[in-house]
$ cat coords.txt   # compact mmCIF, C-alpha atoms
# COMPACT_ATOMS: atom_id res chain seq x y z
CA MET A 1 -22.62 -0.17 -18.61
CA GLU A 2 -19.03 0.93 -19.11
CA ARG A 3 -20.20 3.98 -21.00
CA SER A 4 -22.69 4.86 -18.27
CA LEU A 5 -19.94 4.72 -15.64
CA ARG A 6 -17.59 6.76 -17.78
CA GLU A 7 -20.22 9.44 -18.39
CA ALA A 8 -21.42 9.63 -14.77
CA ALA A 9 -20.55 12.62 -12.61
CA PRO A 10 -17.51 11.83 -10.40
CA HIS A 11 -19.58 11.71 -7.20
CA ALA A 12 -22.26 9.53 -8.85
CA VAL A 13 -20.20 6.63 -10.25
CA VAL A 14 -21.56 4.16 -7.68
CA GLU A 15 -25.13 5.30 -8.30
CA ALA A 16 -24.59 4.82 -12.05
CA ALA A 17 -23.29 1.29 -11.44
CA ARG A 18 -26.28 0.54 -9.23
CA ALA A 19 -28.78 1.78 -11.81
CA SER A 20 -27.13 -0.16 -14.65
CA LEU A 21 -26.95 -3.41 -12.67
CA MET A 22 -30.60 -3.11 -11.70
CA GLU A 23 -31.55 -2.50 -15.32
CA HIS A 24 -29.45 -5.18 -17.01
CA TYR A 25 -29.24 -7.88 -14.31
CA ALA A 26 -32.45 -7.33 -12.32
CA ALA A 27 -30.33 -6.62 -9.25
CA ALA A 28 -32.35 -6.18 -6.07
CA SER A 29 -29.54 -4.28 -4.34
CA VAL A 30 -26.02 -3.08 -5.14
CA GLU A 31 -23.49 -1.85 -2.62
CA LEU A 32 -19.86 -0.77 -2.77
CA LEU A 33 -17.72 -1.43 0.31
CA MET A 34 -14.40 0.41 0.42
CA ALA A 35 -11.39 -0.57 2.56
CA ASP A 36 -10.57 2.02 5.19
CA TYR A 37 -7.10 3.51 5.71
CA GLY A 38 -6.32 1.07 8.51
CA LEU A 39 -7.33 -1.97 6.41
CA SER A 40 -9.55 -3.08 9.27
CA VAL A 41 -13.06 -2.57 7.88
CA LEU A 42 -14.98 -2.28 4.63
CA GLN A 43 -17.11 0.87 4.60
CA PRO A 44 -20.39 1.16 2.65
CA VAL A 45 -20.33 4.13 0.29
CA LEU A 46 -23.50 5.87 1.36
CA ALA A 47 -23.83 9.11 3.30
CA VAL A 48 -20.46 10.74 3.96
CA PRO A 49 -18.40 11.68 5.85
CA TYR A 50 -18.19 8.58 8.09
CA THR A 51 -20.45 6.19 6.28
CA ALA A 52 -22.85 3.49 7.49
CA VAL A 53 -22.05 0.49 9.68
CA PRO A 54 -18.80 -1.08 8.39
CA VAL A 55 -18.00 -4.74 7.73
CA GLY A 56 -14.87 -6.36 9.14
CA VAL A 57 -12.09 -6.99 6.63
CA HIS A 58 -11.24 -10.29 8.31
CA THR A 59 -14.77 -11.56 8.92
CA GLY A 60 -17.79 -12.44 6.84
CA THR A 61 -18.23 -13.16 3.17
CA ALA A 62 -17.25 -9.66 2.04
CA GLY A 63 -14.01 -9.90 4.01
CA ARG A 64 -13.31 -13.30 2.47
CA ALA A 65 -13.75 -11.89 -1.04
CA PHE A 66 -11.50 -8.93 -0.22
CA GLY A 67 -8.76 -11.06 1.33
CA SER A 68 -8.73 -13.78 -1.32
CA GLN A 69 -9.39 -11.37 -4.22
CA GLU A 70 -11.80 -13.96 -5.59
CA THR A 71 -15.52 -13.73 -6.26
CA VAL A 72 -17.69 -15.33 -3.58
CA SER A 73 -21.41 -16.11 -3.83
CA GLU A 74 -23.96 -17.02 -1.17
CA SER A 75 -27.70 -17.53 -0.99
CA VAL A 76 -29.51 -14.88 1.06
CA GLY A 77 -32.97 -16.47 0.90
CA SER A 78 -36.20 -15.43 -0.81
CA GLY A 79 -34.82 -16.73 -4.11
CA LEU A 80 -31.89 -14.29 -4.08
CA THR A 81 -28.11 -14.73 -4.36
CA CYS A 82 -25.52 -12.18 -3.27
CA VAL A 83 -22.26 -12.06 -5.23
CA TYR A 84 -19.20 -10.41 -3.62
CA LEU A 85 -16.76 -9.08 -6.23
CA PRO A 86 -13.28 -7.70 -5.41
CA VAL A 87 -12.71 -4.18 -6.73
CA SER A 88 -9.05 -3.54 -7.49
CA VAL A 89 -6.92 -1.63 -9.98
CA ARG A 90 -3.61 -3.17 -11.09
CA GLY A 91 -3.42 -5.07 -7.83
CA ASP A 92 -4.37 -2.12 -5.58
CA ARG A 93 -7.27 -3.38 -3.46
CA LEU A 94 -10.03 -0.79 -3.18
CA GLY A 95 -12.95 -2.79 -1.79
CA VAL A 96 -15.80 -5.14 -2.64
CA LEU A 97 -18.86 -4.74 -4.87
CA THR A 98 -21.91 -6.69 -3.68
CA VAL A 99 -24.73 -7.49 -6.09
CA THR A 100 -27.92 -9.26 -4.96
CA PHE A 101 -30.14 -10.66 -7.71
CA PRO A 102 -32.49 -13.62 -8.47
CA ASP A 103 -31.03 -17.13 -8.16
CA GLU A 104 -31.90 -18.00 -11.75
CA ARG A 105 -29.71 -15.16 -13.02
CA CYS A 106 -26.65 -16.44 -11.15
CA THR A 107 -24.93 -18.30 -13.99
CA PRO A 108 -21.14 -18.62 -14.45
CA GLN A 109 -21.34 -16.28 -17.45
CA VAL A 110 -23.21 -13.63 -15.48
CA VAL A 111 -20.77 -13.88 -12.55
CA GLU A 112 -17.88 -13.45 -14.99
CA GLU A 113 -19.55 -10.38 -16.49
CA LEU A 114 -20.07 -8.91 -13.02
CA GLY A 115 -16.36 -9.39 -12.37
CA GLU A 116 -15.63 -7.27 -15.42
CA VAL A 117 -18.07 -4.64 -14.14
CA ALA A 118 -16.19 -4.55 -10.82
CA THR A 119 -12.91 -4.03 -12.68
CA VAL A 120 -14.33 -1.16 -14.72
CA LEU A 121 -15.85 0.35 -11.58
CA GLY A 122 -12.47 0.30 -9.85
CA ARG A 123 -10.80 2.16 -12.68
CA GLU A 124 -13.54 4.76 -12.80
CA LEU A 125 -13.26 5.31 -9.04
CA VAL A 126 -9.54 6.04 -9.37
CA VAL A 127 -10.28 8.62 -12.08
CA ALA A 128 -13.23 10.10 -10.16
CA GLU A 129 -11.12 10.65 -7.02
CA ARG A 130 -9.34 13.48 -8.83
CA ASP A 131 -12.56 15.49 -8.85
CA THR A 132 -14.51 14.48 -5.74
CA ASP A 133 -13.87 13.69 -2.07
CA VAL A 134 -16.75 11.21 -1.81
CA TYR A 135 -14.64 8.05 -2.07
CA LEU A 136 -11.77 9.37 0.04
CA GLN A 137 -14.28 10.26 2.75
CA ALA A 138 -15.86 6.83 2.48
CA ARG A 139 -12.51 5.20 3.28
CA ARG A 140 -12.15 6.74 6.74
CA THR A 141 -13.69 5.62 10.01
CA GLU A 142 -12.46 8.73 11.79
CA ARG A 143 -10.85 12.03 10.93
CA LEU A 144 -7.27 11.96 9.66
CA THR A 145 -4.74 14.32 11.16
CA LEU A 146 -3.43 16.92 8.73
CA ALA A 147 -0.04 15.18 8.68
CA ALA A 148 -1.70 11.84 7.85
CA GLU A 149 -3.78 13.47 5.10
CA MET A 150 -0.58 14.76 3.51
CA GLN A 151 1.18 11.40 3.78
CA TRP A 152 -1.66 9.34 2.29
CA GLN A 153 -1.97 11.73 -0.64
CA LEU A 154 1.69 11.05 -1.47
CA LEU A 155 1.30 7.28 -1.80
CA PRO A 156 1.13 5.50 -5.17
CA GLY A 157 -1.32 2.99 -3.63
CA ARG A 158 -1.14 0.22 -1.04
CA SER A 159 -0.51 -2.70 -3.37
CA CYS A 160 0.55 -3.36 -6.95
CA SER A 161 0.76 -6.45 -9.15
CA ARG A 162 2.64 -7.16 -12.33
CA PRO A 163 3.71 -10.45 -13.92
CA GLU A 164 7.19 -10.01 -12.41
CA PHE A 165 6.19 -9.09 -8.83
CA ASP A 166 3.55 -8.36 -6.22
CA LEU A 167 3.87 -5.42 -3.82
CA GLY A 168 2.03 -4.50 -0.64
CA ALA A 169 2.64 -1.82 1.99
CA GLN A 170 0.91 -0.26 4.98
CA LEU A 171 1.43 2.66 7.37
CA GLU A 172 0.37 2.82 11.02
CA PRO A 173 -1.11 4.56 12.90
CA ALA A 174 -3.13 4.96 9.71
CA TYR A 175 -5.09 8.01 10.88
CA ALA A 176 -2.19 9.80 12.56
CA ILE A 177 0.97 8.88 10.61
CA TYR A 178 3.46 11.72 10.23
CA GLY A 179 7.01 10.78 9.13
CA ASP A 180 7.11 7.38 7.40
CA ASN A 181 6.26 6.95 3.74
CA PHE A 182 6.86 4.72 0.72
CA ASP A 183 6.89 5.15 -3.02
CA TRP A 184 7.32 2.93 -6.07
CA CYS A 185 7.54 3.22 -9.81
CA THR A 186 7.79 0.63 -12.56
CA ASP A 187 8.48 0.80 -16.27
CA ALA A 188 9.37 -1.65 -19.04
CA ARG A 189 12.80 -2.37 -17.57
CA SER A 190 12.84 -1.92 -13.82
CA LEU A 191 11.08 -1.45 -10.49
CA THR A 192 12.15 1.37 -8.16
CA LEU A 193 11.23 1.49 -4.46
CA ALA A 194 11.79 4.26 -1.92
CA LEU A 195 11.15 4.05 1.83
CA THR A 196 11.50 7.24 3.83
CA ASN A 197 11.43 8.13 7.52
CA GLY A 198 11.31 11.89 8.06
CA MET A 199 12.79 13.34 11.24
CA GLY A 200 10.46 15.01 13.74
CA GLU A 201 6.76 14.76 14.50
CA GLY A 202 3.43 16.03 13.25
CA ILE A 203 3.20 18.49 10.42
CA ASP A 204 6.95 19.18 10.41
CA ALA A 205 7.72 15.52 9.68
CA ALA A 206 5.01 15.39 7.01
CA LEU A 207 6.39 18.49 5.28
CA LEU A 208 9.89 17.07 5.36
CA THR A 209 8.74 13.75 3.88
CA ASN A 210 6.74 15.57 1.19
CA LEU A 211 9.88 17.46 0.18
CA THR A 212 11.91 14.25 0.11
CA VAL A 213 9.46 12.13 -1.88
CA ASN A 214 8.90 14.84 -4.47
CA ALA A 215 12.64 15.52 -4.75
CA LEU A 216 13.26 11.82 -5.37
CA ARG A 217 10.46 11.67 -7.93
CA ASN A 218 11.75 14.75 -9.70
CA ALA A 219 15.23 13.25 -9.93
CA ARG A 220 13.92 9.83 -10.99
CA ARG A 221 11.77 11.33 -13.73
CA ALA A 222 14.83 13.14 -15.06
CA GLY A 223 16.19 9.69 -15.90
CA ILE A 224 19.35 9.92 -13.82
CA SER A 225 21.11 7.16 -11.86
CA LEU A 226 20.08 6.01 -8.38
CA PRO A 227 23.12 7.63 -6.65
CA ASN A 228 22.35 10.94 -8.33
CA GLN A 229 18.68 10.67 -7.35
CA ALA A 230 19.78 10.36 -3.73
CA ALA A 231 22.30 13.20 -4.10
CA LEU A 232 19.78 15.61 -5.61
CA ALA A 233 17.19 14.83 -2.92
CA ASP A 234 19.90 15.22 -0.29
CA GLN A 235 20.80 18.64 -1.70
CA ALA A 236 17.15 19.75 -1.80
CA ILE A 237 16.68 18.87 1.89
CA TYR A 238 19.97 20.42 2.96
CA SER A 239 19.24 23.61 1.03
CA GLN A 240 15.94 23.93 2.89
CA HIS A 241 17.01 22.92 6.40
CA LYS A 242 20.83 23.33 6.51
CA GLY A 243 21.35 19.99 8.25
CA ARG A 244 18.89 20.63 11.09
CA LEU A 245 16.54 17.95 9.72
CA HIS A 246 17.30 14.81 7.76
CA VAL A 247 15.48 11.83 6.27
CA GLU A 248 16.47 8.20 6.67
CA THR A 249 15.92 6.50 3.33
CA VAL A 250 16.30 3.17 1.53
CA LEU A 251 16.28 3.13 -2.29
CA LEU A 252 16.08 -0.01 -4.42
CA ASN A 253 16.07 -0.43 -8.20
CA VAL A 254 15.60 -3.93 -9.63
CA ASP A 255 16.04 -5.02 -13.25
CA LEU A 256 12.89 -6.90 -14.29
CA ASP A 257 14.78 -9.17 -16.69
CA THR A 258 17.60 -10.33 -14.42
CA GLY A 259 16.47 -9.66 -10.83
CA ARG A 260 19.72 -7.79 -10.20
CA GLY A 261 19.23 -4.70 -8.09
CA GLN A 262 21.01 -1.66 -6.75
CA VAL A 263 20.47 -0.51 -3.15
CA ILE A 264 21.27 2.68 -1.28
CA ASP A 265 20.87 2.30 2.49
CA ALA A 266 20.76 5.75 4.04
CA GLY A 267 18.83 5.15 7.23
CA SER A 268 16.77 3.03 9.56
CA PRO A 269 14.38 1.03 7.34
CA ARG A 270 15.61 -2.57 7.48
CA LEU A 271 15.47 -5.27 4.82
CA LEU A 272 14.80 -8.97 5.40
CA ARG A 273 14.67 -11.71 2.77
CA VAL A 274 12.66 -14.93 2.80
CA ARG A 275 14.21 -17.53 0.51
CA ASP A 276 13.26 -21.22 0.64
CA LYS A 277 11.52 -20.60 4.00
CA HIS A 278 14.77 -19.19 5.46
CA ILE A 279 14.58 -15.66 6.87
CA GLU A 280 17.70 -13.52 6.95
CA SER A 281 18.52 -9.86 7.46
CA ILE A 282 20.22 -8.21 4.48
CA ASP A 283 22.69 -5.65 5.74
CA PHE A 284 24.27 -2.91 3.65
CA VAL A 285 26.73 -0.14 4.41
CA GLN A 286 24.67 2.51 6.14
CA GLN A 287 25.26 5.83 4.44
CA LEU A 288 24.36 9.30 5.68
CA PRO A 289 20.65 10.18 5.84
CA LEU A 290 19.47 12.59 3.17
CA GLY A 291 19.95 16.24 4.10
CA MET A 292 22.39 15.77 6.96
CA PHE A 293 25.39 17.39 5.22
CA ASP A 294 25.98 19.47 2.13
CA GLN A 295 26.75 17.69 -1.16
CA THR A 296 26.89 14.15 0.20
CA GLU A 297 27.84 11.52 -2.37
CA TYR A 298 26.03 8.17 -2.41
CA PHE A 299 26.96 4.79 -3.85
CA THR A 300 24.98 1.66 -4.64
CA GLU A 301 25.42 -1.90 -3.46
CA GLU A 302 24.17 -4.98 -5.29
CA ILE A 303 21.42 -7.44 -4.49
CA THR A 304 20.12 -10.30 -6.64
CA LEU A 305 16.54 -11.56 -6.41
CA LEU A 306 15.57 -15.09 -7.38
CA PRO A 307 12.07 -16.21 -8.38
CA GLY A 308 10.18 -16.99 -5.18
CA ASP A 309 12.09 -14.49 -3.03
CA ARG A 310 10.14 -12.31 -0.61
CA LEU A 311 11.61 -9.03 0.65
CA ILE A 312 10.24 -7.41 3.80
CA PHE A 313 11.10 -3.77 4.55
CA VAL A 314 10.35 -2.43 8.04
CA SER A 315 10.90 0.96 9.66
CA ASP A 316 12.22 1.50 13.17
CA GLY A 317 8.63 1.82 14.36
CA VAL A 318 8.43 -1.94 13.74
CA HIS A 319 11.77 -3.42 14.74
CA ALA A 320 12.27 -1.10 17.72
CA VAL A 321 8.72 -0.88 19.10
CA LEU A 322 8.42 -1.18 22.88
CA ALA A 323 5.91 -3.05 25.03
CA PRO A 324 4.52 -1.32 28.15
CA ASP A 325 7.08 -3.19 30.26
CA GLY A 326 9.93 -1.75 28.16
CA GLU A 327 10.69 -4.92 26.20
CA ILE A 328 11.90 -4.32 22.61
CA TYR A 329 10.10 -6.22 19.85
CA GLY A 330 13.41 -7.28 18.33
CA ARG A 331 14.69 -9.51 15.56
CA GLN A 332 13.41 -12.89 16.76
CA ALA A 333 9.86 -11.66 17.24
CA LEU A 334 9.93 -10.03 13.81
CA HIS A 335 11.18 -13.27 12.23
CA ARG A 336 8.30 -15.14 13.88
CA ALA A 337 5.78 -12.65 12.50
CA ILE A 338 7.26 -12.93 9.02
CA SER A 339 7.23 -16.72 9.21
CA ALA A 340 3.59 -16.71 10.31
CA THR A 341 2.61 -14.70 7.21
CA ARG A 342 4.58 -16.72 4.64
CA MET A 343 1.40 -18.15 3.05
CA LEU A 344 -0.30 -14.77 2.68
CA PRO A 345 -0.15 -12.72 -0.55
CA ALA A 346 2.10 -9.66 -0.52
CA ALA A 347 -0.79 -7.22 -0.03
CA GLU A 348 -1.90 -9.04 3.13
CA VAL A 349 1.52 -9.32 4.78
CA PRO A 350 2.09 -5.70 5.99
CA PRO A 351 -1.25 -5.32 7.83
CA ALA A 352 -0.86 -8.83 9.30
CA ILE A 353 2.60 -8.03 10.69
CA LEU A 354 1.38 -4.70 12.08
CA ARG A 355 -1.59 -6.41 13.75
CA GLU A 356 0.75 -8.93 15.34
CA ILE A 357 2.94 -6.13 16.71
CA SER A 358 -0.07 -4.33 18.13
CA GLU A 359 -1.22 -7.53 19.87
CA TRP A 360 2.31 -8.21 21.17
CA SER A 361 2.66 -4.72 22.65
CA ARG A 362 -0.89 -4.91 24.06
CA THR A 363 -1.57 -1.41 22.83
CA ALA A 364 -2.33 0.40 19.59
CA ILE A 365 0.66 1.44 17.49
CA GLU A 366 1.38 5.08 18.30
CA ASP A 367 4.80 5.69 16.71
CA ASP A 368 5.17 5.61 12.93
CA ALA A 369 5.45 2.07 11.59
CA LEU A 370 5.91 1.04 7.96
CA VAL A 371 5.97 -2.45 6.45
CA MET A 372 6.45 -3.23 2.76
CA CYS A 373 6.44 -6.69 1.16
CA LEU A 374 7.83 -7.51 -2.30
CA ASP A 375 7.19 -10.96 -3.77
CA TRP A 376 9.52 -11.52 -6.72
CA ARG A 377 8.73 -13.78 -9.68
CA GLY A 378 10.90 -12.25 -12.37
CA ARG A 379 10.54 -12.90 -16.06
$ encode --input "coords.txt" --output "structure tokens"
Amino acid sequence: MERSLREAAPHAVVEAARASLMEHYAAASVELLMADYGLSVLQPVLAVPYTAVPVGVHTGTAGRAFGSQETVSESVGSGLTCVYLPVSVRGDRLGVLTVTFPDERCTPQVVEELGEVATVLGRELVVAERDTDVYLQARRTERLTLAAEMQWQLLPGRSCSRPEFDLGAQLEPAYAIYGDNFDWCTDARSLTLALTNGMGEGIDAALLTNLTVNALRNARRAGISLPNQAALADQAIYSQHKGRLHVETVLLNVDLDTGRGQVIDAGSPRLLRVRDKHIESIDFVQQLPLGMFDQTEYFTEEITLLPGDRLIFVSDGVHAVLAPDGEIYGRQALHRAISATRMLPAAEVPPAILREISEWSRTAIEDDALVMCLDWRGR
């Protein structure tokens, strides 16, 4: 089965999985449901663009499998069982694979094998996305703006898991985001995070953020220190815009062995820490945003993470959002939202906080809003 998926044409990976499961497991039906950009529905991968009737992420058996990241089975009558299998790659949640087959075939060994099939399918989808738009189209319930298309293509994913940590992040409005973005990178020694908030709106903000993220990546991949990464990105932005535009940025690098980290706070994204159920804001010296002045020098400040710590990063679209009556969301409301999500895994926290904000403001989020959650275990 793995070979058949690997050899399938990029646009036909799901069809290859369906054919193999029908052949080897007598499956009556096979369906792949992919999470949309807003993390609100699971979309069947059928005719695209804008696929068949979606399934709610927070309702039904498929939603339960996606949220818990555990296999769920249920009888569907006529001697058939449907198994819902999470499809993820290194912690990045892509969707759910559903396989319906005869009850007598539903043994623990078979369910375990199907879980391995779902894992292989996820990896093949990530590879296939380089050569086809089918799966990117299947993830959208509506058309993305050009700025949003550019921003989503920049992202490393929406969640990531390693033995030392779990990461989750989300952008809203998912289909019309323009300035906010996030990036991460991990190697054998450390984890590096970058949160950016580009000045302006629409395509101009997206272009500015693209320049910033790629400048930071270029500097990081050169193996230089965090202050020099910020300085080189700052210089790239200033050279292009001469101070007319700038990017508010937070950079964090954490040693995987010790939990000791270096932080550069150059803008509006805020950091909160949950330790032993206590929520506190972590304030650093706010340095100049990237690109504001020529040849700005940056310095790092220290932070130490302990096993069990949770870090929440939010942009100004979260902590400064306004209700229709003009009330600011504010620190206390944000603390309540964070407290209410303390039992959720890191990947579930950002969309949950953004949903709470949307309900509080009684309107859909219109300004850029970014939430990132880091759960630290350490080594």
$ closest_atom_pairs --input "coords.txt" --of "region 42-134 of chain A" --to "region 155-176 of chain A" --cutoff "6 Å" --atoms "all atoms listed in the file" --output "tab-separated table"
residue	atom	partner	partner_atom	distance
A:Arg90	CA	A:Ser161	CA	5.8
A:Gly91	CA	A:Cys160	CA	4.4
A:Asp92	CA	A:Ser159	CA	4.5
$ closest_residue --input "coords.txt" --among "A:Val55, A:Ile338, A:Leu21, A:Leu195" --to "Leu39 (chain A)" --atoms "all atoms listed in the file"
A:Val55
$ closest_residue --input "coords.txt" --among "A:Ser40, A:Ser73, A:Ser361, A:Thr196" --to "Val314 (chain A)" --atoms "all atoms listed in the file"
A:Thr196
$ atom_distance --input "coords.txt" --atom1 "CA of Asp180 (chain A)" --atom2 "CA of Phe293 (chain A)"
21.0 Å
$ atom_distance --input "coords.txt" --atom1 "CA of Val254 (chain A)" --atom2 "CA of Arg189 (chain A)"
8.6 Å
$ closest_residue --input "coords.txt" --among "A:Glu248, A:Glu359, A:Asp368, A:Asp375" --to "Leu306 (chain A)" --atoms "only C-alpha atoms"
A:Asp375
$ residues_around --input "coords.txt" --residues "Met292 (chain A)" --least-positions-apart "2" --cutoff "7 Å" --atoms "all atoms listed in the file" --output "PDB file with C-alpha atoms, in the coordinates of the input"
ATOM      1  CA  TYR A 238      19.970  20.420   2.960  1.00  0.00           C
ATOM      2  CA  GLY A 243      21.350  19.990   8.250  1.00  0.00           C
ATOM      3  CA  LEU A 245      16.540  17.950   9.720  1.00  0.00           C
ATOM      4  CA  HIS A 246      17.300  14.810   7.760  1.00  0.00           C
ATOM      5  CA  LEU A 288      24.360   9.300   5.680  1.00  0.00           C
ATOM      6  CA  PRO A 289      20.650  10.180   5.840  1.00  0.00           C
ATOM      7  CA  LEU A 290      19.470  12.590   3.170  1.00  0.00           C
TER       8      LEU A 290
END
$ residues_around --input "coords.txt" --residues "region 307-313 of chain A" --least-positions-apart "6" --cutoff "10 Å" --atoms "all atoms listed in the file" --output "number ranges by chain"
A: 164-169, 195, 250, 259, 269-277, 279-282, 338, 342, 346, 349-350, 370-379
$ atom_distance --input "coords.txt" --atom1 "CA of Ser225 (chain A)" --atom2 "CA of Ser315 (chain A)"
24.6 Å
$ residues_around --input "coords.txt" --residues "Ser190 (chain A)" --least-positions-apart "2" --cutoff "8 Å" --atoms "all atoms listed in the file" --output "ChimeraX atom specification"
/A:186-188,192,253-256
$ build_atoms --input "coords.txt" --residues "region 24-49 of chain A" --atoms "N, CA and C atoms" --output "PDB file, in the coordinates of the input"
ATOM      1  N   HIS A  24     -29.915  -4.099 -16.137  1.00  0.00           N
ATOM      2  CA  HIS A  24     -29.450  -5.180 -17.010  1.00  0.00           C
ATOM      3  C   HIS A  24     -29.426  -6.551 -16.339  1.00  0.00           C
ATOM      4  N   TYR A  25     -29.349  -6.582 -14.998  1.00  0.00           N
ATOM      5  CA  TYR A  25     -29.240  -7.880 -14.310  1.00  0.00           C
ATOM      6  C   TYR A  25     -30.336  -8.090 -13.270  1.00  0.00           C
ATOM      7  N   ALA A  26     -31.344  -7.225 -13.269  1.00  0.00           N
ATOM      8  CA  ALA A  26     -32.450  -7.330 -12.320  1.00  0.00           C
ATOM      9  C   ALA A  26     -31.949  -7.375 -10.882  1.00  0.00           C
ATOM     10  N   ALA A  27     -30.897  -6.626 -10.597  1.00  0.00           N
ATOM     11  CA  ALA A  27     -30.330  -6.620  -9.250  1.00  0.00           C
ATOM     12  C   ALA A  27     -31.314  -6.017  -8.260  1.00  0.00           C
ATOM     13  N   ALA A  28     -31.469  -6.694  -7.122  1.00  0.00           N
ATOM     14  CA  ALA A  28     -32.350  -6.180  -6.070  1.00  0.00           C
ATOM     15  C   ALA A  28     -31.629  -5.129  -5.236  1.00  0.00           C
ATOM     16  N   SER A  29     -30.325  -5.279  -5.068  1.00  0.00           N
ATOM     17  CA  SER A  29     -29.540  -4.280  -4.340  1.00  0.00           C
ATOM     18  C   SER A  29     -28.097  -4.335  -4.811  1.00  0.00           C
ATOM     19  N   VAL A  30     -27.428  -3.204  -4.740  1.00  0.00           N
ATOM     20  CA  VAL A  30     -26.020  -3.080  -5.140  1.00  0.00           C
ATOM     21  C   VAL A  30     -25.340  -2.183  -4.110  1.00  0.00           C
ATOM     22  N   GLU A  31     -24.192  -2.627  -3.627  1.00  0.00           N
ATOM     23  CA  GLU A  31     -23.490  -1.850  -2.620  1.00  0.00           C
ATOM     24  C   GLU A  31     -21.995  -1.930  -2.864  1.00  0.00           C
ATOM     25  N   LEU A  32     -21.314  -0.800  -2.699  1.00  0.00           N
ATOM     26  CA  LEU A  32     -19.860  -0.770  -2.770  1.00  0.00           C
ATOM     27  C   LEU A  32     -19.306  -0.599  -1.364  1.00  0.00           C
ATOM     28  N   LEU A  33     -18.397  -1.509  -0.972  1.00  0.00           N
ATOM     29  CA  LEU A  33     -17.720  -1.430   0.310  1.00  0.00           C
ATOM     30  C   LEU A  33     -16.257  -1.092   0.050  1.00  0.00           C
ATOM     31  N   MET A  34     -15.768  -0.014   0.648  1.00  0.00           N
ATOM     32  CA  MET A  34     -14.400   0.410   0.420  1.00  0.00           C
ATOM     33  C   MET A  34     -13.542   0.175   1.659  1.00  0.00           C
ATOM     34  N   ALA A  35     -12.309  -0.315   1.446  1.00  0.00           N
ATOM     35  CA  ALA A  35     -11.390  -0.570   2.560  1.00  0.00           C
ATOM     36  C   ALA A  35     -10.949   0.744   3.179  1.00  0.00           C
ATOM     37  N   ASP A  36     -10.968   0.794   4.509  1.00  0.00           N
ATOM     38  CA  ASP A  36     -10.570   2.020   5.190  1.00  0.00           C
ATOM     39  C   ASP A  36      -9.043   2.128   5.225  1.00  0.00           C
ATOM     40  N   TYR A  37      -8.542   3.255   5.715  1.00  0.00           N
ATOM     41  CA  TYR A  37      -7.100   3.510   5.710  1.00  0.00           C
ATOM     42  C   TYR A  37      -6.338   2.510   6.576  1.00  0.00           C
ATOM     43  N   GLY A  38      -6.977   2.021   7.633  1.00  0.00           N
ATOM     44  CA  GLY A  38      -6.320   1.070   8.510  1.00  0.00           C
ATOM     45  C   GLY A  38      -6.434  -0.370   8.062  1.00  0.00           C
ATOM     46  N   LEU A  39      -7.099  -0.611   6.929  1.00  0.00           N
ATOM     47  CA  LEU A  39      -7.330  -1.970   6.410  1.00  0.00           C
ATOM     48  C   LEU A  39      -7.948  -2.870   7.473  1.00  0.00           C
ATOM     49  N   SER A  40      -8.876  -2.304   8.229  1.00  0.00           N
ATOM     50  CA  SER A  40      -9.550  -3.080   9.270  1.00  0.00           C
ATOM     51  C   SER A  40     -11.021  -3.314   8.962  1.00  0.00           C
ATOM     52  N   VAL A  41     -11.638  -2.420   8.205  1.00  0.00           N
ATOM     53  CA  VAL A  41     -13.060  -2.570   7.880  1.00  0.00           C
ATOM     54  C   VAL A  41     -13.309  -2.212   6.421  1.00  0.00           C
ATOM     55  N   LEU A  42     -14.475  -2.652   5.942  1.00  0.00           N
ATOM     56  CA  LEU A  42     -14.980  -2.280   4.630  1.00  0.00           C
ATOM     57  C   LEU A  42     -16.177  -1.367   4.860  1.00  0.00           C
ATOM     58  N   GLN A  43     -16.103  -0.149   4.321  1.00  0.00           N
ATOM     59  CA  GLN A  43     -17.110   0.870   4.600  1.00  0.00           C
ATOM     60  C   GLN A  43     -18.097   1.003   3.436  1.00  0.00           C
ATOM     61  N   PRO A  44     -19.407   0.913   3.709  1.00  0.00           N
ATOM     62  CA  PRO A  44     -20.390   1.160   2.650  1.00  0.00           C
ATOM     63  C   PRO A  44     -20.309   2.611   2.159  1.00  0.00           C
ATOM     64  N   VAL A  45     -20.351   2.777   0.857  1.00  0.00           N
ATOM     65  CA  VAL A  45     -20.330   4.130   0.290  1.00  0.00           C
ATOM     66  C   VAL A  45     -21.759   4.624   0.228  1.00  0.00           C
ATOM     67  N   LEU A  46     -22.153   5.306   1.274  1.00  0.00           N
ATOM     68  CA  LEU A  46     -23.500   5.870   1.360  1.00  0.00           C
ATOM     69  C   LEU A  46     -23.371   7.338   1.735  1.00  0.00           C
ATOM     70  N   ALA A  47     -23.963   7.725   2.856  1.00  0.00           N
ATOM     71  CA  ALA A  47     -23.830   9.110   3.300  1.00  0.00           C
ATOM     72  C   ALA A  47     -22.429   9.326   3.860  1.00  0.00           C
ATOM     73  N   VAL A  48     -21.797  10.411   3.470  1.00  0.00           N
ATOM     74  CA  VAL A  48     -20.460  10.740   3.960  1.00  0.00           C
ATOM     75  C   VAL A  48     -20.481  12.142   4.542  1.00  0.00           C
ATOM     76  N   PRO A  49     -19.514  12.524   5.402  1.00  0.00           N
ATOM     77  CA  PRO A  49     -18.400  11.680   5.850  1.00  0.00           C
ATOM     78  C   PRO A  49     -18.837  10.652   6.887  1.00  0.00           C
TER      79      PRO A  49
END
